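Just query10.txt here, compact mmCIF, C-alpha atoms:
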# COMPACT_ATOMS: atom_id res chain seq x y z
CA MET A 30 137.67 102.08 82.01
CA ARG A 31 136.15 101.86 78.53
CA ILE A 32 132.84 99.97 78.74
CA VAL A 33 130.49 99.02 75.92
CA HIS A 34 126.99 97.94 76.92
CA LEU A 35 125.17 95.76 74.39
CA VAL A 36 121.37 95.51 74.61
CA GLU A 37 118.54 94.51 72.30
CA ASN A 38 117.05 98.01 72.56
CA LEU A 39 116.40 100.80 75.04
CA ASN A 40 112.62 100.64 75.06
CA LEU A 41 110.72 101.34 78.27
CA GLY A 42 111.25 98.43 80.64
CA GLY A 43 112.90 97.41 83.89
CA ALA A 44 116.09 95.95 82.40
CA GLU A 45 116.51 98.92 80.06
CA ARG A 46 116.00 101.31 82.98
CA VAL A 47 118.73 99.52 84.91
CA VAL A 48 121.14 99.84 81.96
CA VAL A 49 120.51 103.57 81.59
CA ASP A 50 120.92 104.20 85.32
CA LEU A 51 124.04 102.03 85.52
CA VAL A 52 125.65 103.92 82.64
CA SER A 53 124.82 107.26 84.25
CA GLU A 54 126.51 106.18 87.47
CA GLN A 55 129.53 104.77 85.61
CA ILE A 56 129.91 108.09 83.79
CA ARG A 57 129.75 109.88 87.13
CA ARG A 58 132.52 107.58 88.40
CA GLY A 59 134.74 108.56 85.47
CA ASP A 60 134.32 105.56 83.16
CA HIS A 61 133.89 105.96 79.41
CA CYS A 62 130.66 104.26 78.28
CA SER A 63 128.88 103.66 75.01
CA VAL A 64 125.74 101.67 74.26
CA ILE A 65 124.98 99.52 71.22
CA CYS A 66 121.44 98.30 70.45
CA LEU A 67 121.04 95.18 68.32
CA PHE A 68 117.67 96.39 67.09
CA GLU A 69 116.07 99.85 67.42
CA ARG A 70 117.29 102.61 69.72
CA GLY A 71 114.22 102.86 71.96
CA ALA A 72 112.56 105.58 74.02
CA LEU A 73 115.29 105.77 76.70
CA ALA A 74 118.17 106.42 74.28
CA HIS A 75 117.78 110.18 74.49
CA GLU A 76 118.55 110.12 78.23
CA LEU A 77 121.99 108.69 77.54
CA GLU A 78 122.68 111.02 74.64
CA GLN A 79 121.90 113.99 76.88
CA MET A 80 124.79 112.74 79.06
CA GLY A 81 127.08 112.57 76.02
CA VAL A 82 126.91 108.79 75.71
CA ALA A 83 127.04 107.43 72.16
CA VAL A 84 124.06 105.18 71.36
CA THR A 85 124.20 103.14 68.13
CA ALA A 86 121.35 101.07 66.71
CA LEU A 87 122.33 98.18 64.42
CA GLU A 88 118.75 97.56 63.22
CA LYS A 89 119.33 93.79 63.12
CA PRO A 90 116.90 92.00 60.77
CA SER A 91 114.96 88.97 61.94
CA GLY A 92 116.94 85.73 61.98
CA PRO A 93 120.72 85.24 62.15
CA SER A 94 122.68 88.20 60.75
CA LEU A 95 126.37 88.05 59.86
CA VAL A 96 126.19 91.70 58.78
CA THR A 97 125.08 92.70 62.28
CA ALA A 98 127.92 90.69 63.84
CA LEU A 99 130.49 92.37 61.59
CA GLN A 100 129.06 95.83 62.35
CA LEU A 101 129.27 95.07 66.04
CA ARG A 102 132.88 93.88 65.81
CA LYS A 103 133.83 97.09 63.99
CA LEU A 104 132.18 99.23 66.68
CA LEU A 105 133.91 97.36 69.50
CA ARG A 106 137.25 98.14 67.85
CA GLU A 107 136.32 101.78 67.26
CA HIS A 108 135.25 102.21 70.90
CA ARG A 109 138.47 100.48 72.06
CA ALA A 110 136.34 98.49 74.49
CA GLU A 111 138.04 97.06 77.55
CA VAL A 112 134.78 95.55 78.85
CA LEU A 113 131.86 94.26 76.82
CA HIS A 114 128.83 94.15 79.14
CA THR A 115 125.94 92.36 77.45
CA HIS A 116 122.39 92.25 78.77
CA ASN A 117 120.24 89.14 78.41
CA ALA A 118 120.72 86.24 76.04
CA MET A 119 120.64 87.39 72.43
CA ALA A 120 122.84 90.40 73.06
CA HIS A 121 125.28 88.10 74.80
CA TYR A 122 125.85 85.51 72.11
CA TYR A 123 126.05 88.19 69.41
CA GLY A 124 128.52 90.09 71.57
CA VAL A 125 130.71 87.09 72.34
CA PHE A 126 130.88 85.78 68.77
CA SER A 127 131.52 89.29 67.39
CA SER A 128 134.39 89.88 69.81
CA ILE A 129 136.36 86.64 69.37
CA GLY A 130 140.04 87.53 69.18
CA LEU A 131 139.58 90.98 70.74
CA ARG A 132 141.29 91.66 74.05
CA LEU A 133 138.44 92.58 76.40
CA ARG A 134 136.47 91.16 79.31
CA ARG A 135 133.07 89.71 78.50
CA VAL A 136 130.39 90.12 81.18
CA ASN A 137 126.74 89.15 80.84
CA THR A 138 123.79 90.11 83.02
CA ARG A 139 120.61 88.07 82.86
CA HIS A 140 117.71 90.27 83.96
CA GLY A 141 114.85 88.22 85.36
CA MET A 142 114.46 84.55 86.26
CA GLY A 143 113.96 82.84 82.88
CA THR A 144 116.38 80.14 81.84
CA LEU A 145 114.60 79.03 78.67
CA LEU A 146 115.17 81.02 75.49
CA GLY A 147 112.93 81.34 72.46
CA ASN A 148 114.07 78.09 70.86
CA ARG A 149 116.68 75.37 71.19
CA ARG A 150 119.05 77.10 68.75
CA GLN A 151 119.08 80.25 70.88
CA GLN A 152 119.63 78.25 74.06
CA TRP A 153 122.53 76.38 72.43
CA LEU A 154 124.09 79.66 71.24
CA TYR A 155 123.78 81.16 74.71
CA GLN A 156 125.42 78.15 76.37
CA LEU A 157 128.15 78.10 73.70
CA ALA A 158 128.85 81.80 74.32
CA MET A 159 129.19 81.13 78.05
CA ALA A 160 132.41 79.21 77.34
CA LYS A 161 134.00 82.52 76.27
CA THR A 162 132.42 84.56 79.08
CA ASP A 163 134.43 85.89 82.01
CA SER A 164 131.52 86.52 84.38
CA ALA A 165 127.79 85.81 84.36
CA CYS A 166 125.81 88.17 86.57
CA PHE A 167 122.33 87.63 87.94
CA VAL A 168 120.05 90.19 89.54
CA CYS A 169 119.12 87.94 92.45
CA ALA A 170 120.54 84.86 94.16
CA ALA A 171 117.44 82.86 93.21
CA ALA A 172 118.17 83.36 89.50
CA GLN A 173 121.85 82.53 89.94
CA GLN A 174 121.04 79.29 91.74
CA ARG A 175 118.50 78.34 89.09
CA PHE A 176 120.96 78.81 86.22
CA ILE A 177 123.61 76.76 88.02
CA ARG A 178 121.11 74.03 88.88
CA ASP A 179 119.88 73.85 85.27
CA GLY A 180 123.44 73.52 83.98
CA LEU A 181 123.42 76.78 82.00
CA ILE A 182 126.38 78.33 83.83
CA SER A 183 129.25 77.07 85.96
CA ALA A 184 129.30 78.21 89.56
CA ASP A 185 132.81 79.69 89.28
CA LYS A 186 131.61 82.28 86.73
CA ALA A 187 128.34 83.21 88.46
CA VAL A 188 127.83 86.26 90.67
CA THR A 189 124.79 88.10 91.99
CA VAL A 190 124.64 91.87 91.49
CA TYR A 191 121.48 93.49 92.81
CA ASN A 192 119.77 96.15 90.73
CA GLY A 193 120.15 99.68 92.07
CA ILE A 194 117.99 102.78 92.02
CA ASP A 195 118.48 106.48 92.73
CA THR A 196 117.06 106.29 96.25
CA SER A 197 117.13 110.06 96.69
CA ARG A 198 114.44 110.43 93.99
CA TYR A 199 112.05 108.42 96.16
CA ARG A 200 113.07 109.68 99.59
CA LEU A 201 112.61 113.23 98.30
CA GLY A 202 109.83 112.42 95.85
CA GLY A 203 107.61 115.28 96.86
CA LYS A 204 104.94 116.27 99.31
CA PRO A 205 101.82 114.11 99.52
CA GLY A 206 98.94 115.19 97.34
CA SER A 207 99.93 114.45 93.74
CA LEU A 208 98.18 111.09 93.48
CA ARG A 209 95.10 112.30 95.36
CA ALA A 210 94.85 115.25 93.01
CA LEU A 211 95.24 112.97 89.98
CA LEU A 212 92.43 110.69 91.20
CA GLY A 213 90.23 113.43 92.62
CA VAL A 214 90.04 111.91 96.12
CA GLY A 215 90.44 113.49 99.53
CA ASP A 216 92.68 112.90 102.52
CA ASP A 217 90.10 110.55 104.05
CA VAL A 218 90.85 107.91 101.36
CA ARG A 219 93.57 105.27 101.79
CA LEU A 220 95.39 104.22 98.63
CA LEU A 221 96.60 100.72 97.81
CA VAL A 222 99.16 101.21 95.02
CA SER A 223 100.87 98.92 92.52
CA VAL A 224 103.31 100.06 89.83
CA GLY A 225 104.47 97.98 86.88
CA ARG A 226 103.95 96.94 83.31
CA LEU A 227 100.46 95.57 82.67
CA ASN A 228 101.22 92.03 81.55
CA PRO A 229 100.19 88.53 82.70
CA ALA A 230 103.37 88.03 84.74
CA LYS A 231 102.26 90.77 87.17
CA ASN A 232 98.91 89.02 87.82
CA HIS A 233 96.95 92.22 88.40
CA PRO A 234 93.60 90.34 88.28
CA LEU A 235 94.67 88.64 91.52
CA LEU A 236 95.28 92.04 93.08
CA ILE A 237 91.84 93.26 92.01
CA SER A 238 90.27 90.14 93.53
CA ALA A 239 92.13 90.71 96.81
CA PHE A 240 90.99 94.33 96.83
CA ILE A 241 87.36 93.29 96.34
CA LYS A 242 87.68 90.99 99.38
CA LEU A 243 88.88 93.95 101.46
CA ALA A 244 86.59 96.63 100.08
CA GLU A 245 83.57 96.05 102.30
CA SER A 246 85.52 96.02 105.56
CA HIS A 247 87.60 99.01 104.44
CA PRO A 248 85.18 101.43 102.76
CA ASP A 249 87.86 104.15 102.66
CA LEU A 250 90.25 102.01 100.60
CA HIS A 251 90.94 102.60 96.87
CA LEU A 252 93.15 100.56 94.51
CA VAL A 253 95.53 102.29 92.08
CA ILE A 254 97.39 100.26 89.42
CA VAL A 255 99.95 102.50 87.70
CA GLY A 256 101.34 101.33 84.36
CA ASP A 257 100.46 100.47 80.81
CA GLY A 258 100.71 97.47 78.53
CA ALA A 259 98.80 94.74 76.75
CA GLY A 260 96.74 93.95 79.85
CA MET A 261 95.09 97.36 80.10
CA GLU A 262 91.91 96.42 78.22
CA MET A 263 91.31 93.33 80.37
CA LEU A 264 91.87 95.29 83.58
CA GLN A 265 89.47 97.97 82.42
CA GLU A 266 86.84 95.25 81.91
CA LEU A 267 87.50 93.77 85.36
CA ARG A 268 87.22 97.22 86.86
CA LEU A 269 83.84 97.83 85.24
CA CYS A 270 82.53 94.39 86.20
CA SER A 271 83.68 94.66 89.81
CA GLY A 272 80.90 96.99 90.88
CA MET A 273 83.59 99.23 92.35
CA ALA A 274 84.76 101.13 89.30
CA GLU A 275 84.86 104.38 91.27
CA ARG A 276 87.35 102.81 93.72
CA ILE A 277 89.67 101.09 91.21
CA HIS A 278 91.95 103.44 89.26
CA LEU A 279 94.06 102.75 86.15
CA PRO A 280 95.90 106.01 85.42
CA GLY A 281 98.29 104.47 82.88
CA ALA A 282 102.05 104.89 82.72
CA ARG A 283 103.42 107.82 84.72
CA SER A 284 106.79 109.56 84.88
CA ASP A 285 106.12 111.01 88.36
CA VAL A 286 106.07 107.74 90.35
CA PRO A 287 108.20 109.14 93.22
CA ALA A 288 105.61 111.84 93.84
CA LEU A 289 102.70 109.40 93.52
CA LEU A 290 104.21 107.01 96.07
CA ALA A 291 104.13 109.80 98.65
CA ASP A 292 100.35 109.26 98.86
CA ALA A 293 100.41 105.45 99.05
CA THR A 294 99.11 103.73 102.18
CA ALA A 295 100.59 100.40 101.07
CA PHE A 296 102.31 98.97 97.99
CA VAL A 297 101.40 95.57 96.54
CA LEU A 298 103.22 93.42 93.99
CA SER A 299 101.09 90.43 92.99
CA SER A 300 103.47 88.94 90.39
CA GLN A 301 103.32 85.33 89.26
CA THR A 302 106.99 85.57 88.25
CA GLU A 303 109.62 88.23 88.92
CA GLY A 304 113.34 88.85 88.73
CA PHE A 305 114.53 91.58 91.06
CA SER A 306 111.77 94.15 91.18
CA LEU A 307 112.70 97.82 90.83
CA SER A 308 109.21 98.76 92.00
CA LEU A 309 109.78 97.07 95.36
CA LEU A 310 113.03 98.98 95.79
CA GLU A 311 111.25 102.22 94.87
CA ALA A 312 108.46 101.60 97.38
CA GLY A 313 111.05 100.80 100.04
CA ALA A 314 113.01 103.99 99.37
CA ALA A 315 109.76 105.99 99.40
CA GLY A 316 108.83 104.66 102.83
CA VAL A 317 105.74 102.67 101.80
CA PRO A 318 104.92 99.33 103.50
CA VAL A 319 104.96 96.43 101.06
CA VAL A 320 103.14 93.17 100.39
CA ALA A 321 104.65 90.99 97.66
CA THR A 322 104.38 87.47 96.32
CA ASP A 323 107.21 85.05 97.08
CA VAL A 324 108.62 84.68 93.55
CA GLY A 325 112.07 85.33 92.07
CA GLY A 326 114.12 87.78 94.07
CA ASN A 327 111.17 89.23 96.00
CA GLY A 328 112.07 87.18 99.05
CA GLU A 329 115.57 88.65 99.05
CA ILE A 330 114.07 92.14 99.25
CA ILE A 331 111.04 91.47 101.46
CA VAL A 332 111.83 89.08 104.30
CA ASP A 333 108.40 88.15 105.61
CA ARG A 334 107.41 89.99 108.79
CA ILE A 335 110.77 91.78 108.90
CA ARG A 336 110.82 94.09 105.86
CA GLY A 337 107.20 93.60 104.81
CA ARG A 338 104.80 90.78 104.03
CA LEU A 339 105.54 87.94 101.63
CA VAL A 340 102.80 85.58 100.44
CA VAL A 341 102.43 82.57 98.16
CA ALA A 342 101.88 83.56 94.53
CA GLY A 343 98.33 83.07 93.24
CA ASP A 344 96.72 82.84 96.72
CA VAL A 345 94.10 85.58 96.82
CA ASP A 346 93.13 84.92 100.45
CA ALA A 347 96.74 85.12 101.63
CA LEU A 348 97.28 88.32 99.66
CA ALA A 349 94.14 89.95 101.08
CA ALA A 350 95.04 88.88 104.63
CA ALA A 351 98.57 90.31 104.38
CA ILE A 352 97.27 93.62 103.03
CA ASN A 353 94.72 93.68 105.84
CA ASP A 354 97.51 93.23 108.43
CA LEU A 355 99.19 96.42 107.16
CA LEU A 356 95.93 98.35 107.08
CA GLU A 357 95.04 97.31 110.63
CA SER A 358 98.40 98.09 112.28
CA SER A 359 100.22 101.32 111.49
CA GLN A 360 102.88 100.42 114.09
CA LEU A 361 103.65 97.16 112.31
CA SER A 362 103.72 98.93 108.96
CA GLN A 363 106.23 101.48 110.19
CA GLN A 364 108.51 98.76 111.52
CA TYR A 365 108.55 97.17 108.08
CA VAL A 366 109.07 100.55 106.41
CA ALA A 367 112.14 101.39 108.50
CA ALA A 368 113.73 97.96 107.96
CA LEU A 369 113.12 97.95 104.20
CA ALA A 370 114.31 101.52 103.65
CA ASP A 371 117.54 100.75 105.52
CA TRP A 372 118.14 97.56 103.51
CA VAL A 373 117.56 99.28 100.17
CA GLU A 374 119.91 102.10 101.13
CA GLN A 375 122.63 99.63 102.07
CA HIS A 376 122.34 97.21 99.14
CA CYS A 377 120.44 98.71 96.21
CA THR A 378 121.66 102.21 95.42
CA LEU A 379 123.11 103.11 92.02
CA ALA A 380 126.50 103.54 93.69
CA ALA A 381 126.34 100.04 95.20
CA MET A 382 125.39 98.51 91.83
CA ALA A 383 128.16 100.36 89.96
CA ARG A 384 130.77 99.35 92.58
CA ALA A 385 129.73 95.72 92.32
CA TYR A 386 130.02 95.74 88.53
CA ALA A 387 133.41 97.48 88.72
CA GLN A 388 134.64 94.56 90.82
CA VAL A 389 133.22 92.09 88.29
CA TYR A 390 134.95 93.96 85.45
CA SER A 391 138.24 93.78 87.34
CA GLY A 392 137.86 90.03 87.81
CA LYS A 393 137.55 90.36 91.58
CA PRO A 394 133.84 90.14 92.47
CA GLU A 395 132.96 89.95 96.14
Translate this structure into structure tokens?
Amino acid sequence: MRIVHLVENLNLGGAERVVVDLVSEQIRRGDHCSVICLFERGALAHELEQMGVAVTALEKPSGPSLVTALQLRKLLREHRAEVLHTHNAMAHYYGVFSSIGLRLRRVNTRHGMGTLLGNRRQQWLYQLAMAKTDSACFVCAAAQQRFIRDGLISADKAVTVYNGIDTSRYRLGGKPGSLRALLGVGDDVRLLVSVGRLNPAKNHPLLISAFIKLAESHPDLHLVIVGDGAGMEMLQELRLCSGMAERIHLPGARSDVPALLADATAFVLSSQTEGFSLSLLEAGAAGVPVVATDVGGNGEIIVDRIRGRLVVAGDVDALAAAINDLLESSQLSQQYVAALADWVEQHCTLAAMARAYAQVYSGKPE
């Protein structure tokens, strides 16, 4: 099958990571894939080119661009696309309008929970494009239900396709020791780990507050927030003001997350909003017990007291109490670990994601 993926760019991010991993699995399955970026190429483009996948950047200017639409239409013809798989809103309406009259299937994936676009014109264009869309995919059932409820998509076109990860990278991530060596701490220290972009949606200040509540009763506990972003400066200030700077670590973005998770005592996601978190899947595959806030698709991954702990977003006491439960009971933690690892392996591998999209492309989703 000849598949063209259309994205805004391939910068570092969860949705972009999913696209790159999906394409790699589709190539492995024997499909022919190419990727078109509306704007710049982005840092992940080289991974695809190393696989022999053509990546084209249209360098769209700000505002509506007929030139970009015409360039895109020409590329779709040159690639002889059978499926146009667009990702998120802007890529979708540009893709649909550029492909009118071409014989191909149009599939859109909305990554995340948001239903509101940047302005009313963009929302109108997205809804208009949906009339010419064969399937609208969502990364969790919560997002799908929200789009249907808000009247942005008809139920007969909507389907949930969970994100997938290369679970073997996390199961076989490496022997414990990498994170301890990075931080300069010994085996007597327990590590509370969070991984993700440092932005307000992740609500890392809440996590720091929960850690401070636990610190006195757990003097061996350290907090590690792995990632980078606009929130780094604020978190550095909170760290310094906490009085526990030596126990709160901000190592920045890392490419060796599978190895670092091998040292984690527990994984915490304190998000205020979320789509379908790759970091929760990664923690599950790595065998780390999880506490997460009940937002977006988190509840579909972490069923409370079955595959981990799920708490109300923004409630620092509930978050601290759930983390404490894992720290106090290794038996309970291991029960959650086994259940989550099994669920991720069944539902959220790259192979499972690629199979699900192949069924969508064929017009026969499960």
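Neighbours of Gly337 of chain A closer than or equal to 8 Å, with all atoms listed in the file counted and sequence neighbours fewer than 2 positions away skipped, come out as A:Pro318, A:Val319, A:Val320, A:Ile331, A:Val332, A:Asp333, A:Arg334, A:Ile335, A:Leu339, A:Ser362, A:Tyr365, A:Val366, A:Leu369.
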Query - Selection as an MDAnalysis selection string: residues within 12 Å of (125.4, 97.2, 92.1), counting only C-alpha atoms - result: chainID A and resid 47:48 50:52 54:55 138 166:169 188:195 373:389 394:395
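Between Thr85 of chain A and the residues A:Gly71, A:Gly130, A:Gly258, A:Gly343, the shortest atom-to-atom distance, using only C-alpha atoms, involves A:Gly71.
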Query raised in the report: Which residues, written as a VMD selection string, have at least one atom at most 10 Å from Val255 of chain A, with all atoms listed in the file counted and residues fewer than 6 positions away on the same chain left out?
Result: chain A and resid 222 to 227 278 to 283 286 289
Report summary line: Between atom CA of Ala172 of chain A and atom CA of Lys393 of chain A lies a distance of 20.7 Å
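Distances here use only C-alpha atoms; by that measure, the residue among A:Ala171, A:His251, A:Lys103, A:Leu39 closest to His75 of chain A is A:Leu39.
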Report task. Pick out the residues sitting within 12 Å of Asp323 of chain A, and hand them over as a PyMOL selection string; count all atoms listed in the file, and ignore anything fewer than 4 positions along from it in its own chain. Result -> chain A and resi 171+298-306+327-333+337-344+347-348
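Coordinates place atom CA of Phe68 of chain A at a distance of 24.6 Å from atom CA of Gly260 of chain A.
Interatomic distance, atom CA of Pro205 of chain A against atom CA of Ala295 of chain A: 13.9 Å.
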Contacts of Cys62 of chain A within 9 Å, all atoms listed in the file, excl. fewer than 5 positions in-chain, as a PDB file with C-alpha atoms, keeping the file's coordinate frame:
ATOM      1  CA  MET A  30     137.670 102.080  82.010  1.00  0.00           C
ATOM      2  CA  ARG A  31     136.150 101.860  78.530  1.00  0.00           C
ATOM      3  CA  ILE A  32     132.840  99.970  78.740  1.00  0.00           C
ATOM      4  CA  VAL A  33     130.490  99.020  75.920  1.00  0.00           C
ATOM      5  CA  HIS A  34     126.990  97.940  76.920  1.00  0.00           C
ATOM      6  CA  VAL A  52     125.650 103.920  82.640  1.00  0.00           C
ATOM      7  CA  SER A  53     124.820 107.260  84.250  1.00  0.00           C
ATOM      8  CA  GLN A  55     129.530 104.770  85.610  1.00  0.00           C
ATOM      9  CA  ILE A  56     129.910 108.090  83.790  1.00  0.00           C
ATOM     10  CA  VAL A  82     126.910 108.790  75.710  1.00  0.00           C
ATOM     11  CA  ALA A  83     127.040 107.430  72.160  1.00  0.00           C
ATOM     12  CA  HIS A 108     135.250 102.210  70.900  1.00  0.00           C
ATOM     13  CA  ALA A 110     136.340  98.490  74.490  1.00  0.00           C
TER      14      ALA A 110
END
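For Ile237 of chain A, the list of residues within 10 Å, based on all atoms listed in the file and with local chain neighbours fewer than 6 positions off taken out, reads Leu243, Leu252, Val253, Ile254, Leu264, Leu267, Arg268, Ser271, Ile277, Ser299, Val345 and Ala349 of chain A.
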Centre and edges of the segment 241-259 of chain A box, axis-aligned, 6 Å extra per side, as JSON:
{"center_x": 92.5, "center_y": 97.6, "center_z": 91.2, "size_x": 29.8, "size_y": 25.2, "size_z": 40.8}
Query raised in the report: Between A:Ser91, A:Thr196, A:Thr115, A:Asn137, which has the minimum distance to Ile182 of chain A (counting only C-alpha atoms)?
Result: A:Asn137
Using C-alpha atoms, give me segment 136-215 of chain A from the structure I just pasted, as a PDB file, in the first residue's frame.
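Output below, filename decode.pdb:
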ATOM      1  CA  VAL A 136      -7.647   9.307   7.187  1.00  0.00           C
ATOM      2  CA  ASN A 137      -7.028  11.768  10.004  1.00  0.00           C
ATOM      3  CA  THR A 138      -5.592  11.149  13.466  1.00  0.00           C
ATOM      4  CA  ARG A 139      -6.154  13.702  16.200  1.00  0.00           C
ATOM      5  CA  HIS A 140      -3.369  13.343  18.764  1.00  0.00           C
ATOM      6  CA  GLY A 141      -4.454  14.560  22.182  1.00  0.00           C
ATOM      7  CA  MET A 142      -7.788  15.634  23.635  1.00  0.00           C
ATOM      8  CA  GLY A 143      -8.265  19.178  22.285  1.00  0.00           C
ATOM      9  CA  THR A 144     -11.327  19.935  20.222  1.00  0.00           C
ATOM     10  CA  LEU A 145     -10.829  23.693  19.900  1.00  0.00           C
ATOM     11  CA  LEU A 146      -8.483  24.973  17.218  1.00  0.00           C
ATOM     12  CA  GLY A 147      -6.572  28.238  17.103  1.00  0.00           C
ATOM     13  CA  ASN A 148      -9.496  30.284  15.800  1.00  0.00           C
ATOM     14  CA  ARG A 149     -12.994  29.909  14.396  1.00  0.00           C
ATOM     15  CA  ARG A 150     -11.743  29.862  10.792  1.00  0.00           C
ATOM     16  CA  GLN A 151      -9.492  26.887  11.524  1.00  0.00           C
ATOM     17  CA  GLN A 152     -12.286  25.056  13.329  1.00  0.00           C
ATOM     18  CA  TRP A 153     -14.642  25.675  10.394  1.00  0.00           C
ATOM     19  CA  LEU A 154     -12.023  24.416   7.914  1.00  0.00           C
ATOM     20  CA  TYR A 155     -11.448  21.280   9.981  1.00  0.00           C
ATOM     21  CA  GLN A 156     -15.165  20.505  10.186  1.00  0.00           C
ATOM     22  CA  LEU A 157     -15.583  21.212   6.462  1.00  0.00           C
ATOM     23  CA  ALA A 158     -12.717  18.820   5.667  1.00  0.00           C
ATOM     24  CA  MET A 159     -14.387  16.105   7.749  1.00  0.00           C
ATOM     25  CA  ALA A 160     -17.143  15.894   5.123  1.00  0.00           C
ATOM     26  CA  LYS A 161     -14.534  14.508   2.686  1.00  0.00           C
ATOM     27  CA  THR A 162     -12.835  12.275   5.269  1.00  0.00           C
ATOM     28  CA  ASP A 163     -13.157   8.493   5.226  1.00  0.00           C
ATOM     29  CA  SER A 164     -12.080   7.851   8.822  1.00  0.00           C
ATOM     30  CA  ALA A 165     -11.282  10.007  11.850  1.00  0.00           C
ATOM     31  CA  CYS A 166      -8.985   8.287  14.324  1.00  0.00           C
ATOM     32  CA  PHE A 167      -8.488   9.190  17.970  1.00  0.00           C
ATOM     33  CA  VAL A 168      -5.745   7.998  20.290  1.00  0.00           C
ATOM     34  CA  CYS A 169      -8.127   7.200  23.126  1.00  0.00           C
ATOM     35  CA  ALA A 170     -11.835   6.517  23.554  1.00  0.00           C
ATOM     36  CA  ALA A 171     -12.187   9.608  25.748  1.00  0.00           C
ATOM     37  CA  ALA A 172     -11.084  11.860  22.874  1.00  0.00           C
ATOM     38  CA  GLN A 173     -13.336  10.076  20.388  1.00  0.00           C
ATOM     39  CA  GLN A 174     -16.369  10.486  22.637  1.00  0.00           C
ATOM     40  CA  ARG A 175     -15.575  14.152  23.203  1.00  0.00           C
ATOM     41  CA  PHE A 176     -15.364  14.925  19.478  1.00  0.00           C
ATOM     42  CA  ILE A 177     -18.658  13.137  18.818  1.00  0.00           C
ATOM     43  CA  ARG A 178     -20.349  14.878  21.748  1.00  0.00           C
ATOM     44  CA  ASP A 179     -19.128  18.296  20.579  1.00  0.00           C
ATOM     45  CA  GLY A 180     -20.451  17.667  17.070  1.00  0.00           C
ATOM     46  CA  LEU A 181     -17.050  17.796  15.359  1.00  0.00           C
ATOM     47  CA  ILE A 182     -17.262  14.295  13.878  1.00  0.00           C
ATOM     48  CA  SER A 183     -20.017  11.804  13.118  1.00  0.00           C
ATOM     49  CA  ALA A 184     -19.928   8.554  15.047  1.00  0.00           C
ATOM     50  CA  ASP A 185     -19.882   6.415  11.884  1.00  0.00           C
ATOM     51  CA  LYS A 186     -16.481   7.833  10.859  1.00  0.00           C
ATOM     52  CA  ALA A 187     -14.847   7.727  14.303  1.00  0.00           C
ATOM     53  CA  VAL A 188     -12.495   4.998  15.522  1.00  0.00           C
ATOM     54  CA  THR A 189     -10.032   4.700  18.392  1.00  0.00           C
ATOM     55  CA  VAL A 190      -6.497   3.542  17.584  1.00  0.00           C
ATOM     56  CA  TYR A 191      -4.183   3.400  20.579  1.00  0.00           C
ATOM     57  CA  ASN A 192      -0.639   4.678  20.226  1.00  0.00           C
ATOM     58  CA  GLY A 193       2.012   1.971  20.147  1.00  0.00           C
ATOM     59  CA  ILE A 194       5.611   1.744  21.288  1.00  0.00           C
ATOM     60  CA  ASP A 195       8.533  -0.614  20.718  1.00  0.00           C
ATOM     61  CA  THR A 196       8.013  -2.505  23.971  1.00  0.00           C
ATOM     62  CA  SER A 197      11.233  -4.489  23.551  1.00  0.00           C
ATOM     63  CA  ARG A 198      13.267  -1.270  23.982  1.00  0.00           C
ATOM     64  CA  TYR A 199      11.848  -0.893  27.482  1.00  0.00           C
ATOM     65  CA  ARG A 200      11.707  -4.531  28.533  1.00  0.00           C
ATOM     66  CA  LEU A 201      15.365  -4.848  27.531  1.00  0.00           C
ATOM     67  CA  GLY A 202      16.324  -1.272  28.369  1.00  0.00           C
ATOM     68  CA  GLY A 203      19.467  -2.176  30.242  1.00  0.00           C
ATOM     69  CA  LYS A 204      20.739  -3.154  33.636  1.00  0.00           C
ATOM     70  CA  PRO A 205      19.960  -0.856  36.566  1.00  0.00           C
ATOM     71  CA  GLY A 206      22.579   1.755  37.336  1.00  0.00           C
ATOM     72  CA  SER A 207      22.450   4.318  34.528  1.00  0.00           C
ATOM     73  CA  LEU A 208      20.197   6.802  36.304  1.00  0.00           C
ATOM     74  CA  ARG A 209      21.972   6.371  39.639  1.00  0.00           C
ATOM     75  CA  ALA A 210      25.283   7.017  37.933  1.00  0.00           C
ATOM     76  CA  LEU A 211      23.877  10.103  36.198  1.00  0.00           C
ATOM     77  CA  LEU A 212      22.611  11.528  39.501  1.00  0.00           C
ATOM     78  CA  GLY A 213      25.526  10.356  41.623  1.00  0.00           C
ATOM     79  CA  VAL A 214      23.362   8.442  44.120  1.00  0.00           C
ATOM     80  CA  GLY A 215      23.759   4.977  45.593  1.00  0.00           C
TER      81      GLY A 215
END
